[in-house]
file coords_4.txt (compact mmCIF, C-alpha atoms and all ligand atoms)
# COMPACT_ATOMS: atom_id res chain seq x y z
CA MET C 1 -1.23 -10.31 25.40
CA ARG C 2 -4.97 -10.80 25.97
CA ILE C 3 -7.23 -13.82 26.11
CA VAL C 4 -10.96 -13.85 25.38
CA LEU C 5 -13.13 -16.95 25.73
CA ALA C 6 -16.23 -17.14 23.55
CA ASP C 7 -19.26 -19.36 23.24
CA THR C 8 -18.40 -19.80 19.53
CA ILE C 9 -15.78 -18.66 17.02
CA PHE C 10 -16.98 -18.59 13.42
CA THR C 11 -14.20 -18.31 10.84
CA ASP C 12 -13.48 -19.77 7.39
CA GLY C 13 -16.83 -21.56 7.29
CA VAL C 14 -16.08 -23.45 10.53
CA LEU C 15 -17.79 -23.15 13.92
CA LEU C 16 -15.53 -23.68 16.93
CA GLN C 17 -17.68 -24.06 20.05
CA ASP C 18 -16.27 -23.17 23.48
CA HIS C 19 -13.13 -21.71 21.97
CA GLY C 20 -11.12 -18.62 22.73
CA ILE C 21 -8.28 -16.62 21.29
CA VAL C 22 -4.96 -15.41 22.60
CA PHE C 23 -3.85 -12.23 20.83
CA ASN C 24 -1.80 -9.09 20.87
CA LYS C 25 -1.51 -7.22 17.57
CA THR C 26 -1.94 -10.54 15.81
CA ILE C 27 -3.74 -13.75 16.72
CA ILE C 28 -1.34 -15.93 18.73
CA GLU C 29 -3.47 -18.98 19.42
CA VAL C 30 -6.97 -20.36 18.95
CA ALA C 31 -7.82 -23.12 21.45
CA PRO C 32 -10.62 -24.71 23.53
CA ASN C 33 -11.68 -22.55 26.49
CA ASP C 34 -10.85 -25.26 29.07
CA LEU C 35 -7.29 -25.46 27.85
CA LEU C 36 -6.88 -21.68 27.92
CA ARG C 37 -8.43 -21.49 31.43
CA SER C 38 -6.02 -24.09 32.76
CA ARG C 39 -3.07 -22.34 31.17
CA TYR C 40 -3.85 -18.67 31.78
CA GLY C 41 -6.30 -18.70 34.74
CA GLU C 42 -7.48 -15.24 35.72
CA GLN C 43 -6.00 -13.59 32.67
CA CYS C 44 -8.90 -15.03 30.66
CA VAL C 45 -11.89 -12.78 29.93
CA GLU C 46 -15.09 -14.83 29.79
CA LEU C 47 -17.43 -13.41 27.13
CA GLY C 48 -20.28 -15.63 28.27
CA GLU C 49 -23.44 -17.08 26.79
CA GLY C 50 -24.30 -16.22 23.19
CA SER C 51 -20.92 -14.62 22.50
CA VAL C 52 -19.64 -15.13 18.96
CA ILE C 53 -16.28 -14.02 17.57
CA VAL C 54 -16.06 -13.46 13.83
CA PRO C 55 -13.34 -11.84 11.70
CA GLY C 56 -13.78 -8.10 11.07
CA LEU C 57 -15.68 -7.49 7.84
CA ILE C 58 -14.04 -6.14 4.69
CA ASN C 59 -15.95 -3.85 2.34
CA SER C 60 -14.07 -4.02 -0.96
CA HIS C 61 -15.93 -1.24 -2.79
CA VAL C 62 -17.25 2.09 -1.50
CA HIS C 63 -17.38 5.66 -2.91
CA LEU C 64 -17.14 7.88 0.18
CA GLU C 65 -17.16 11.19 -1.70
CA PHE C 66 -20.83 10.63 -2.57
CA SER C 67 -21.92 10.00 1.03
CA ALA C 68 -24.26 13.05 1.08
CA ASN C 69 -26.78 11.32 -1.19
CA ARG C 70 -30.08 10.22 0.32
CA SER C 71 -32.81 10.98 -2.23
CA THR C 72 -30.95 13.23 -4.70
CA LEU C 73 -30.06 10.59 -7.30
CA THR C 74 -32.60 8.84 -9.51
CA TYR C 75 -32.95 5.09 -8.87
CA GLY C 76 -34.52 2.40 -11.04
CA GLU C 77 -32.49 2.38 -14.25
CA PHE C 78 -28.83 2.95 -15.03
CA MET C 79 -29.01 5.81 -17.57
CA PRO C 80 -31.38 8.07 -15.57
CA TRP C 81 -29.17 7.41 -12.53
CA LEU C 82 -25.97 8.27 -14.46
CA SER C 83 -27.56 11.45 -15.84
CA SER C 84 -28.58 12.44 -12.30
CA VAL C 85 -25.00 11.83 -11.09
CA ILE C 86 -23.58 14.04 -13.84
CA ALA C 87 -26.15 16.79 -13.25
CA LEU C 88 -25.89 16.79 -9.45
CA ARG C 89 -22.42 15.50 -8.58
CA ASN C 90 -21.00 18.95 -7.81
CA ASP C 91 -23.81 19.61 -5.32
CA LEU C 92 -23.33 16.18 -3.73
CA ILE C 93 -19.56 16.50 -3.50
CA ASN C 94 -19.81 19.99 -2.02
CA GLU C 95 -22.36 18.82 0.53
CA CYS C 96 -19.97 16.13 1.79
CA ASP C 97 -17.10 17.65 3.75
CA ASP C 98 -14.59 15.75 5.90
CA SER C 99 -17.09 15.30 8.74
CA CYS C 100 -19.67 13.79 6.34
CA ILE C 101 -17.06 11.31 5.08
CA THR C 102 -15.93 10.56 8.63
CA ARG C 103 -19.54 9.79 9.61
CA ALA C 104 -19.73 7.30 6.74
CA ILE C 105 -16.48 5.67 7.90
CA GLU C 106 -17.81 5.52 11.49
CA SER C 107 -21.05 3.94 10.30
CA MET C 108 -18.99 1.22 8.61
CA LEU C 109 -17.08 0.63 11.86
CA SER C 110 -20.36 0.33 13.80
CA ASN C 111 -21.45 -2.23 11.23
CA GLY C 112 -18.33 -4.29 11.89
CA ILE C 113 -16.30 -3.19 8.86
CA THR C 114 -12.62 -3.17 9.87
CA ALA C 115 -11.14 -2.73 6.38
CA PHE C 116 -12.45 -1.12 3.21
CA GLY C 117 -11.52 -0.32 -0.37
CA ALA C 118 -12.35 3.34 -1.08
CA ILE C 119 -12.70 4.44 -4.70
CA SER C 120 -11.57 8.05 -4.69
CA SER C 121 -12.58 10.14 -7.71
CA TYR C 122 -11.25 13.50 -6.51
CA GLY C 123 -9.02 12.86 -3.49
CA PHE C 124 -11.44 14.74 -1.22
CA ASP C 125 -11.69 11.67 1.04
CA LEU C 126 -7.93 11.37 1.56
CA THR C 127 -7.67 12.96 5.02
CA PRO C 128 -10.66 11.10 6.56
CA CYS C 129 -9.35 7.82 5.07
CA ALA C 130 -5.82 8.48 6.33
CA GLU C 131 -7.25 9.13 9.81
CA ALA C 132 -9.70 6.20 9.80
CA PRO C 133 -9.17 3.45 12.38
CA GLN C 134 -9.72 0.80 9.69
CA LYS C 135 -7.33 -0.65 7.15
CA VAL C 136 -7.85 1.33 3.94
CA VAL C 137 -7.06 0.31 0.39
CA TYR C 138 -7.21 3.74 -1.21
CA PHE C 139 -8.03 3.41 -4.91
CA ASN C 140 -7.21 6.60 -6.84
CA GLU C 141 -9.53 6.56 -9.81
CA LEU C 142 -8.39 7.24 -13.37
CA ILE C 143 -11.02 8.44 -15.85
CA GLY C 144 -10.90 10.01 -19.32
CA SER C 145 -11.73 8.67 -22.76
CA ASP C 146 -10.87 11.80 -24.78
CA PRO C 147 -7.32 11.48 -26.23
CA ALA C 148 -7.01 15.28 -26.43
CA MET C 149 -7.40 15.48 -22.64
CA ALA C 150 -5.27 12.41 -21.89
CA ASP C 151 -2.17 14.17 -20.54
CA ALA C 152 -4.11 16.55 -18.30
CA LEU C 153 -6.27 13.74 -16.91
CA TYR C 154 -3.28 11.49 -16.26
CA ALA C 155 -1.47 14.34 -14.52
CA ASP C 156 -4.49 14.87 -12.25
CA PHE C 157 -4.65 11.14 -11.43
CA GLN C 158 -0.92 11.04 -10.76
CA GLU C 159 -1.09 14.04 -8.45
CA ARG C 160 -3.80 12.32 -6.35
CA LEU C 161 -1.92 9.02 -6.37
CA PHE C 162 1.32 10.69 -5.24
CA ALA C 163 -0.54 12.56 -2.48
CA SER C 164 -1.92 9.24 -1.19
CA GLN C 165 1.57 7.74 -1.31
CA GLU C 166 2.68 10.48 1.10
CA VAL C 167 0.38 9.10 3.80
CA GLU C 168 2.53 7.25 6.27
CA ARG C 169 0.56 4.91 8.41
CA GLU C 170 0.30 1.19 8.81
CA GLY C 171 -2.75 -0.29 7.14
CA PHE C 172 -3.11 2.39 4.45
CA TYR C 173 -2.47 1.19 0.90
CA PRO C 174 -2.30 3.67 -2.02
CA SER C 175 -3.82 1.90 -5.02
CA VAL C 176 -5.19 2.35 -8.54
CA ALA C 177 -8.76 2.29 -9.90
CA ILE C 178 -9.47 2.32 -13.63
CA HIS C 179 -12.99 3.74 -13.87
CA SER C 180 -14.42 1.44 -16.60
CA PRO C 181 -13.94 0.11 -20.16
CA TYR C 182 -16.12 2.88 -21.61
CA SER C 183 -14.58 5.84 -19.82
CA VAL C 184 -10.79 5.44 -19.98
CA HIS C 185 -8.55 5.64 -23.05
CA ARG C 186 -6.31 2.62 -23.55
CA ILE C 187 -3.12 4.68 -23.43
CA LEU C 188 -4.05 5.93 -19.96
CA ILE C 189 -5.00 2.44 -18.80
CA GLN C 190 -1.73 0.94 -20.00
CA LYS C 191 0.33 3.70 -18.43
CA ALA C 192 -1.41 3.37 -15.05
CA LEU C 193 -1.19 -0.44 -15.05
CA LYS C 194 2.50 -0.35 -15.92
CA TYR C 195 3.08 1.87 -12.89
CA ALA C 196 0.86 -0.35 -10.71
CA ARG C 197 2.83 -3.44 -11.72
CA GLU C 198 6.18 -1.78 -11.05
CA LYS C 199 5.08 -0.58 -7.61
CA GLU C 200 2.98 -3.70 -6.85
CA LEU C 201 -0.11 -1.55 -6.25
CA ARG C 202 -3.57 -3.05 -5.87
CA VAL C 203 -5.89 -2.48 -8.85
CA THR C 204 -9.66 -2.33 -9.29
CA ALA C 205 -12.05 -1.40 -12.12
CA HIS C 206 -15.79 -1.25 -12.81
CA LEU C 207 -16.78 -3.78 -15.47
CA LEU C 208 -19.98 -4.46 -17.44
CA GLU C 209 -22.38 -3.05 -14.89
CA SER C 210 -25.36 -2.24 -17.17
CA SER C 211 -26.96 -3.53 -20.36
CA ALA C 212 -26.37 -0.04 -21.83
CA GLU C 213 -22.62 -0.53 -21.29
CA ARG C 214 -22.82 -4.01 -22.87
CA GLU C 215 -24.48 -2.62 -26.00
CA TRP C 216 -22.11 0.33 -26.31
CA LEU C 217 -18.96 -1.80 -25.96
CA ASP C 218 -20.28 -4.46 -28.34
CA SER C 219 -21.83 -2.34 -31.09
CA ASN C 220 -21.40 1.40 -30.31
CA LYS C 221 -25.17 1.64 -29.98
CA GLY C 222 -27.87 1.92 -27.32
CA ALA C 223 -28.50 4.37 -24.50
CA PHE C 224 -24.80 5.27 -24.14
CA ALA C 225 -24.59 6.49 -27.80
CA PRO C 226 -26.41 9.84 -27.41
CA PHE C 227 -24.76 10.29 -24.03
CA PHE C 228 -21.22 10.04 -25.46
CA GLN C 229 -22.16 12.04 -28.54
CA ASN C 230 -23.57 14.93 -26.50
CA PHE C 231 -20.94 15.08 -23.78
CA LEU C 232 -17.74 14.00 -25.56
CA LYS C 233 -18.52 13.98 -29.32
CA GLN C 234 -17.57 10.28 -29.29
CA THR C 235 -19.22 7.77 -31.63
CA GLN C 236 -17.12 4.76 -30.69
CA ALA C 237 -16.50 3.01 -27.38
CA ALA C 238 -13.07 3.63 -25.87
CA ASN C 239 -12.46 -0.14 -25.64
CA THR C 240 -14.25 -3.39 -26.32
CA ALA C 241 -14.69 -5.61 -23.28
CA GLU C 242 -12.17 -8.06 -24.72
CA GLU C 243 -9.53 -5.37 -25.27
CA PHE C 244 -10.16 -4.02 -21.79
CA LEU C 245 -9.71 -7.38 -20.06
CA GLY C 246 -6.60 -7.96 -22.17
CA TYR C 247 -4.81 -5.04 -20.45
CA PHE C 248 -5.16 -6.74 -17.06
CA GLN C 249 -3.62 -10.09 -18.00
CA GLU C 250 -0.62 -9.70 -15.74
CA ILE C 251 -2.17 -7.99 -12.77
CA SER C 252 -4.79 -9.59 -10.52
CA THR C 253 -7.65 -7.11 -10.36
CA LEU C 254 -10.91 -6.64 -8.49
CA PHE C 255 -13.64 -6.06 -11.10
CA THR C 256 -16.82 -4.51 -9.73
CA HIS C 257 -20.37 -5.54 -10.79
CA ALA C 258 -19.66 -7.69 -13.92
CA VAL C 259 -23.39 -8.42 -14.07
CA GLN C 260 -23.43 -8.41 -17.89
CA THR C 261 -20.31 -10.52 -18.55
CA SER C 262 -20.29 -13.19 -21.28
CA GLU C 263 -18.98 -16.73 -21.01
CA ALA C 264 -15.73 -15.80 -22.80
CA GLU C 265 -15.17 -12.81 -20.52
CA LEU C 266 -15.69 -14.95 -17.43
CA SER C 267 -13.10 -17.38 -18.77
CA ALA C 268 -10.65 -14.48 -19.21
CA ILE C 269 -11.42 -13.34 -15.66
CA ALA C 270 -10.77 -16.85 -14.33
CA GLN C 271 -7.55 -17.10 -16.29
CA GLY C 272 -6.30 -13.75 -15.01
CA ASN C 273 -6.96 -14.88 -11.43
CA HIS C 274 -9.18 -11.84 -10.95
CA THR C 275 -11.88 -11.29 -8.32
CA LEU C 276 -15.42 -9.99 -8.91
CA ILE C 277 -17.05 -7.56 -6.49
CA HIS C 278 -20.73 -8.28 -6.06
CA CYS C 279 -22.88 -5.28 -5.02
CA PRO C 280 -26.42 -6.71 -4.95
CA ILE C 281 -28.22 -3.65 -3.54
CA SER C 282 -26.56 -1.20 -5.93
CA ASN C 283 -27.28 -3.50 -8.88
CA ARG C 284 -30.96 -3.67 -7.94
CA LEU C 285 -31.37 0.05 -7.34
CA LEU C 286 -29.81 0.93 -10.69
CA GLY C 287 -31.78 -1.73 -12.59
CA ASN C 288 -28.70 -3.67 -13.63
CA GLY C 289 -29.85 -7.22 -12.85
CA VAL C 290 -28.23 -9.92 -10.75
CA LEU C 291 -24.71 -11.35 -10.89
CA ASP C 292 -24.92 -15.07 -11.72
CA VAL C 293 -22.94 -16.57 -8.85
CA THR C 294 -23.59 -20.13 -10.04
CA ARG C 295 -21.56 -19.45 -13.19
CA LEU C 296 -18.74 -18.06 -11.04
CA LYS C 297 -18.66 -21.24 -8.99
CA GLU C 298 -18.44 -23.34 -12.18
CA LYS C 299 -15.53 -21.24 -13.43
CA ASN C 300 -13.84 -21.12 -10.04
CA ILE C 301 -13.96 -17.31 -9.91
CA ARG C 302 -13.71 -15.69 -6.49
CA PHE C 303 -16.40 -13.13 -5.65
CA VAL C 304 -16.54 -10.71 -2.74
CA CYS C 305 -19.51 -8.66 -1.55
CA GLY C 306 -19.33 -4.87 -1.41
CA THR C 307 -21.72 -2.06 -0.54
CA ASP C 308 -20.81 0.38 -3.33
CA GLY C 309 -21.29 4.02 -2.24
CA LEU C 310 -24.25 5.84 -0.75
CA SER C 311 -24.77 7.08 -4.33
CA SER C 312 -26.42 3.69 -4.96
CA ASN C 313 -27.24 2.35 -1.51
CA TYR C 314 -29.08 3.34 1.67
CA ALA C 315 -26.42 1.98 4.07
CA LEU C 316 -22.77 0.92 4.22
CA ASP C 317 -23.61 -2.38 5.89
CA LEU C 318 -22.33 -5.78 4.72
CA PHE C 319 -24.91 -7.60 6.88
CA GLU C 320 -27.59 -5.91 4.80
CA GLU C 321 -25.70 -6.78 1.61
CA MET C 322 -25.39 -10.46 2.62
CA LYS C 323 -29.08 -10.58 3.53
CA ILE C 324 -30.18 -9.24 0.14
CA ALA C 325 -27.74 -11.63 -1.58
CA LEU C 326 -29.28 -14.60 0.29
CA PHE C 327 -32.64 -13.75 -1.27
CA ILE C 328 -31.63 -12.82 -4.81
CA HIS C 329 -29.85 -16.13 -5.48
CA PRO C 330 -32.74 -18.48 -4.69
CA ASN C 331 -31.30 -21.53 -6.46
CA GLU C 332 -28.20 -21.77 -4.30
CA ASP C 333 -28.24 -24.03 -1.24
CA LEU C 334 -29.03 -21.67 1.65
CA LEU C 335 -26.33 -22.71 4.12
CA TYR C 336 -23.73 -23.04 1.38
CA LEU C 337 -24.53 -19.53 0.12
CA ALA C 338 -24.53 -18.03 3.64
CA LYS C 339 -21.05 -19.47 4.24
CA ALA C 340 -19.85 -18.25 0.82
CA LEU C 341 -21.14 -14.75 1.62
CA TRP C 342 -19.35 -14.72 4.97
CA GLN C 343 -16.18 -15.86 3.25
CA SER C 344 -16.67 -13.12 0.63
CA VAL C 345 -16.56 -10.35 3.25
CA THR C 346 -13.76 -11.89 5.34
CA GLY C 347 -11.09 -14.33 4.10
CA ASP C 348 -11.69 -13.98 0.36
CA ALA C 349 -11.84 -10.17 0.49
CA ALA C 350 -8.58 -10.14 2.46
CA LYS C 351 -6.91 -12.34 -0.14
CA ALA C 352 -8.19 -10.21 -3.03
CA LEU C 353 -7.07 -6.97 -1.35
CA ARG C 354 -3.83 -8.57 -0.06
CA LEU C 355 -4.57 -7.84 3.60
CA ASN C 356 -3.28 -9.86 6.55
CA CYS C 357 -6.72 -10.29 8.13
CA GLY C 358 -10.14 -11.83 7.45
CA THR C 359 -9.59 -14.98 9.48
CA ILE C 360 -9.21 -15.97 13.15
CA THR C 361 -5.94 -17.81 12.62
CA PRO C 362 -2.49 -17.47 14.25
CA THR C 363 -0.15 -14.91 12.58
CA PHE C 364 -3.06 -12.97 11.06
CA ASP C 365 -3.92 -9.51 12.40
CA ALA C 366 -6.29 -9.53 15.38
CA ASP C 367 -9.13 -7.79 13.47
CA PHE C 368 -12.33 -9.27 14.87
CA LEU C 369 -15.84 -8.59 16.15
CA ILE C 370 -17.44 -9.79 19.36
CA MET C 371 -21.10 -10.37 18.57
CA ARG C 372 -23.91 -11.47 20.88
CA VAL C 373 -26.83 -13.67 19.87
CA ASN C 374 -29.96 -14.34 21.92
CA TYR C 375 -30.84 -17.70 20.37
CA PRO C 376 -29.35 -21.21 20.58
CA ILE C 377 -26.25 -21.62 18.41
CA ASN C 378 -26.28 -24.50 15.94
CA GLU C 379 -24.68 -25.40 12.61
CA GLN C 380 -26.95 -22.90 10.80
CA LEU C 381 -25.41 -19.95 12.67
CA PRO C 382 -23.98 -18.45 9.41
CA ILE C 383 -27.59 -18.02 8.20
CA HIS C 384 -28.93 -16.65 11.49
CA LEU C 385 -26.07 -14.18 11.89
CA ILE C 386 -27.18 -12.67 8.58
CA LEU C 387 -30.94 -12.78 9.17
CA GLN C 388 -31.37 -11.85 12.84
CA PRO C 389 -30.79 -8.25 13.94
CA HIS C 390 -27.11 -8.13 14.82
CA THR C 391 -25.50 -6.98 18.05
CA ILE C 392 -21.83 -6.10 17.67
CA GLU C 393 -20.51 -5.53 21.20
CA SER C 394 -16.89 -4.74 20.35
CA VAL C 395 -14.67 -4.20 17.34
CA TYR C 396 -10.94 -4.96 17.47
CA ILE C 397 -8.36 -3.89 14.88
CA GLN C 398 -4.81 -5.18 15.29
CA GLY C 399 -5.66 -6.14 18.85
CA GLU C 400 -6.90 -2.67 19.82
CA LYS C 401 -10.50 -2.20 20.87
CA VAL C 402 -11.77 0.56 18.57
CA LYS C 403 -15.51 0.27 19.32
ZN ZN N 1 -18.48 1.82 -7.94

call {"tool": "encode", "arguments": {"input": "coords_4.txt", "output": "structure tokens"}}
result
Amino acid sequence: MRIVLADTIFTDGVLLQDHGIVFNKTIIEVAPNDLLRSRYGEQCVELGEGSVIVPGLINSHVHLEFSANRSTLTYGEFMPWLSSVIALRNDLINECDDSCITRAIESMLSNGITAFGAISSYGFDLTPCAEAPQKVVYFNELIGSDPAMADALYADFQERLFASQEVEREGFYPSVAIHSPYSVHRILIQKALKYAREKELRVTAHLLESSAEREWLDSNKGAFAPFFQNFLKQTQAANTAEEFLGYFQEISTLFTHAVQTSEAELSAIAQGNHTLIHCPISNRLLGNGVLDVTRLKEKNIRFVCGTDGLSSNYALDLFEEMKIALFIHPNEDLLYLAKALWQSVTGDAAKALRLNCGTITPTFDADFLIMRVNYPINEQLPIHLILQPHTIESVYIQGEKVK
């Protein structure tokens, strides 16, 4: 059992000044420092002036297999980016061995990320993820819109999923990713979701990221049309958006991007108790626009912030993501938005990914960061923690100091 006394604890939108925590693997107690001093005396570790404890951050969406990208892929618009991914993905994948993926995982840890959702396209990131200190929700991705290839593609997905289910370690969760409405045949989707429901696996999917996707799903036209014709001899979208959302009615899912969703689709998302993953930097770099968080609030839809992969970002850093989000939603009240963003990378992400962390509360895992600020702490701390350069002194996962 250990006791640390902080200047401030910031959790669940609340600032607790002169508070400390008692913990082992989980949080045992959160109480005022004076009370803990009188009860535990010299066992208490004083963190001192400017010390702030926050829950460890949770990055719900990252593609580690593409971590070799720096300037290889074309930014600015979705279709040129997608074409560059297809042309260069083999080079990028081959350039990123286990040590490259491990570096990306370590960079997340340095940035205070104690849990992440990894979208795995090939299974090449399995060993580094299995050996990572963080909690890992390991999403095996299913892709394939060509019915003729359906069996082979499902077999490949299943093989990767089974391999991830062989990993035996606490905090590693084999899960399912459906690539997107335009790239997966309905028979494959239904088969994978049936299995996910039976095994209670976590599920994620990309959804309505670009205007090209919107046009293709709605009318089989636009920039996706020549792309599908040339690569797959397809003239019709694999699913409409409505059909696609219909498959997920009975399984709470994390849908990534959703920038181009309609009113009716948002209602379906609310009804299904789904979560949206907001990746503001990726959306900007690929020219996809901005997720309308005001509409989400009106519909009571939970959103969480994610970095996406280094295939569409320059860092795996949720502080950077929150900072950009603060500026691209200028009509939201600043303090309200800052608190919502913090919640999106802590408590709300934990709920969406079904993890026992994301809050400094008794019975939850002791996953937390000790930060240090060099300015007076006041009620606007959630804003300043995002804006000021951050100093993370220590990172704890399940009570163990890992950084
Ligand atoms: Zn993605």

call {"tool": "residues_near_ligand", "arguments": {"input": "coords_4.txt", "ligand": "ligand ZN 1 (chain N)", "cutoff": "7 Å", "atoms": "only C-alpha atoms and all ligand atoms", "output": "PyMOL selection string"}}
result
chain C and resi 61-63+206+256+308-309

call {"tool": "residues_near_point", "arguments": {"input": "coords_4.txt", "point": "(-14.7, 15.3, 7.2)", "cutoff": "12 Å", "atoms": "all atoms listed in the file", "output": "PyMOL selection string"}}
result
chain C and resi 64-65+67-68+93-106+124-132

call {"tool": "closest_atom_pairs", "arguments": {"input": "coords_4.txt", "of": "range 250-368 of chain C", "to": "range 179-187 of chain C", "cutoff": "12 Å", "atoms": "only C-alpha atoms", "output": "tab-separated table"}}
result
residue	atom	partner	partner_atom	distance
C:Leu254	CA	C:His179	CA	11.9
C:Phe255	CA	C:Ser180	CA	9.3
C:Thr256	CA	C:Ser180	CA	9.4
C:His257	CA	C:Ser180	CA	10.9
C:Ala258	CA	C:Ser180	CA	10.9

call {"tool": "residues_around", "arguments": {"input": "coords_4.txt", "residues": "Tyr154 in chain C", "least_positions_apart": "4", "cutoff": "9 Å", "atoms": "all atoms listed in the file", "output": "list in words"}}
result
Leu142, Ile143, Gly144, Met149, Ala150, Gln158, Glu159, Leu188, Lys191 and Ala192 of chain C

call {"tool": "atom_distance", "arguments": {"input": "coords_4.txt", "atom1": "CA of Tyr375 in chain C", "atom2": "CA of Ile53 in chain C"}}
result
15.3 Å

call {"tool": "residues_around", "arguments": {"input": "coords_4.txt", "residues": "Thr363 in chain C", "least_positions_apart": "2", "cutoff": "7 Å", "atoms": "only C-alpha atoms", "output": "ChimeraX atom specification"}}
result
/C:26-28,361,365

call {"tool": "residues_near_point", "arguments": {"input": "coords_4.txt", "point": "(-15.2, 5.4, -29.9)", "cutoff": "12 Å", "atoms": "only C-alpha atoms", "output": "PyMOL selection string"}}
result
chain C and resi 145-147+181-186+216-221+224-225+228-229+232-240

call {"tool": "residues_around", "arguments": {"input": "coords_4.txt", "residues": "Val373 in chain C", "least_positions_apart": "4", "cutoff": "8 Å", "atoms": "all atoms listed in the file", "output": "PyMOL selection string"}}
result
chain C and resi 50-52+390-391

call {"tool": "atom_distance", "arguments": {"input": "coords_4.txt", "atom1": "CA of Arg160 in chain C", "atom2": "CA of Tyr122 in chain C"}}
result
7.5 Å

call {"tool": "atom_distance", "arguments": {"input": "coords_4.txt", "atom1": "CA of Lys401 in chain C", "atom2": "CA of Asn24 in chain C"}}
result
11.1 Å

call {"tool": "closest_residue", "arguments": {"input": "coords_4.txt", "among": "C:Ser312, C:Ser211, C:Gln260, C:Gln249", "to": "Arg284 in chain C", "atoms": "only C-alpha atoms"}}
result
C:Ser312

call {"tool": "residues_around", "arguments": {"input": "coords_4.txt", "residues": "Arg295 in chain C", "least_positions_apart": "4", "cutoff": "12 Å", "atoms": "only C-alpha atoms", "output": "PDB file with C-alpha atoms, in the frame of the given file"}}
result
ATOM      1  CA  ALA C 258     -19.660  -7.690 -13.920  1.00  0.00           C
ATOM      2  CA  VAL C 259     -23.390  -8.420 -14.070  1.00  0.00           C
ATOM      3  CA  THR C 261     -20.310 -10.520 -18.550  1.00  0.00           C
ATOM      4  CA  SER C 262     -20.290 -13.190 -21.280  1.00  0.00           C
ATOM      5  CA  GLU C 263     -18.980 -16.730 -21.010  1.00  0.00           C
ATOM      6  CA  ALA C 264     -15.730 -15.800 -22.800  1.00  0.00           C
ATOM      7  CA  GLU C 265     -15.170 -12.810 -20.520  1.00  0.00           C
ATOM      8  CA  LEU C 266     -15.690 -14.950 -17.430  1.00  0.00           C
ATOM      9  CA  SER C 267     -13.100 -17.380 -18.770  1.00  0.00           C
ATOM     10  CA  ALA C 270     -10.770 -16.850 -14.330  1.00  0.00           C
ATOM     11  CA  VAL C 290     -28.230  -9.920 -10.750  1.00  0.00           C
ATOM     12  CA  LEU C 291     -24.710 -11.350 -10.890  1.00  0.00           C
ATOM     13  CA  LYS C 299     -15.530 -21.240 -13.430  1.00  0.00           C
ATOM     14  CA  ASN C 300     -13.840 -21.120 -10.040  1.00  0.00           C
ATOM     15  CA  ILE C 301     -13.960 -17.310  -9.910  1.00  0.00           C
ATOM     16  CA  ARG C 302     -13.710 -15.690  -6.490  1.00  0.00           C
ATOM     17  CA  PHE C 303     -16.400 -13.130  -5.650  1.00  0.00           C
ATOM     18  CA  HIS C 329     -29.850 -16.130  -5.480  1.00  0.00           C
ATOM     19  CA  GLU C 332     -28.200 -21.770  -4.300  1.00  0.00           C
TER      20      GLU C 332
END

call {"tool": "decode", "arguments": {"input": "coords_4.txt", "residues": "range 57-67 of chain C", "atoms": "N, CA and C atoms", "output": "PDB file, in the first residue's frame"}}
result
ATOM      1  N   LEU C  57      -4.061   8.601 -19.359  1.00  0.00           N
ATOM      2  CA  LEU C  57      -4.866   8.901 -20.547  1.00  0.00           C
ATOM      3  C   LEU C  57      -5.104   7.642 -21.385  1.00  0.00           C
ATOM      4  N   ILE C  58      -6.230   7.658 -22.098  1.00  0.00           N
ATOM      5  CA  ILE C  58      -6.636   6.491 -22.897  1.00  0.00           C
ATOM      6  C   ILE C  58      -6.801   6.923 -24.351  1.00  0.00           C
ATOM      7  N   ASN C  59      -5.982   6.328 -25.213  1.00  0.00           N
ATOM      8  CA  ASN C  59      -6.029   6.641 -26.644  1.00  0.00           C
ATOM      9  C   ASN C  59      -6.832   5.546 -27.348  1.00  0.00           C
ATOM     10  N   SER C  60      -8.056   5.872 -27.731  1.00  0.00           N
ATOM     11  CA  SER C  60      -8.976   4.829 -28.200  1.00  0.00           C
ATOM     12  C   SER C  60      -8.710   4.353 -29.625  1.00  0.00           C
ATOM     13  N   HIS C  61      -7.875   5.082 -30.378  1.00  0.00           N
ATOM     14  CA  HIS C  61      -7.721   4.720 -31.796  1.00  0.00           C
ATOM     15  C   HIS C  61      -6.321   5.039 -32.320  1.00  0.00           C
ATOM     16  N   VAL C  62      -5.540   3.977 -32.584  1.00  0.00           N
ATOM     17  CA  VAL C  62      -4.204   4.177 -33.142  1.00  0.00           C
ATOM     18  C   VAL C  62      -3.903   3.017 -34.093  1.00  0.00           C
ATOM     19  N   HIS C  63      -3.183   3.300 -35.186  1.00  0.00           N
ATOM     20  CA  HIS C  63      -2.734   2.243 -36.119  1.00  0.00           C
ATOM     21  C   HIS C  63      -1.214   2.140 -35.987  1.00  0.00           C
ATOM     22  N   LEU C  64      -0.740   1.219 -35.169  1.00  0.00           N
ATOM     23  CA  LEU C  64       0.708   1.157 -34.898  1.00  0.00           C
ATOM     24  C   LEU C  64       1.520   0.636 -36.074  1.00  0.00           C
ATOM     25  N   GLU C  65       0.903  -0.172 -36.929  1.00  0.00           N
ATOM     26  CA  GLU C  65       1.663  -0.781 -38.038  1.00  0.00           C
ATOM     27  C   GLU C  65       2.136   0.261 -39.057  1.00  0.00           C
ATOM     28  N   PHE C  66       1.574   1.457 -38.992  1.00  0.00           N
ATOM     29  CA  PHE C  66       1.970   2.516 -39.931  1.00  0.00           C
ATOM     30  C   PHE C  66       2.895   3.550 -39.277  1.00  0.00           C
ATOM     31  N   SER C  67       3.539   3.158 -38.181  1.00  0.00           N
ATOM     32  CA  SER C  67       4.327   4.124 -37.400  1.00  0.00           C
ATOM     33  C   SER C  67       5.587   4.615 -38.112  1.00  0.00           C
TER      34      SER C  67
END
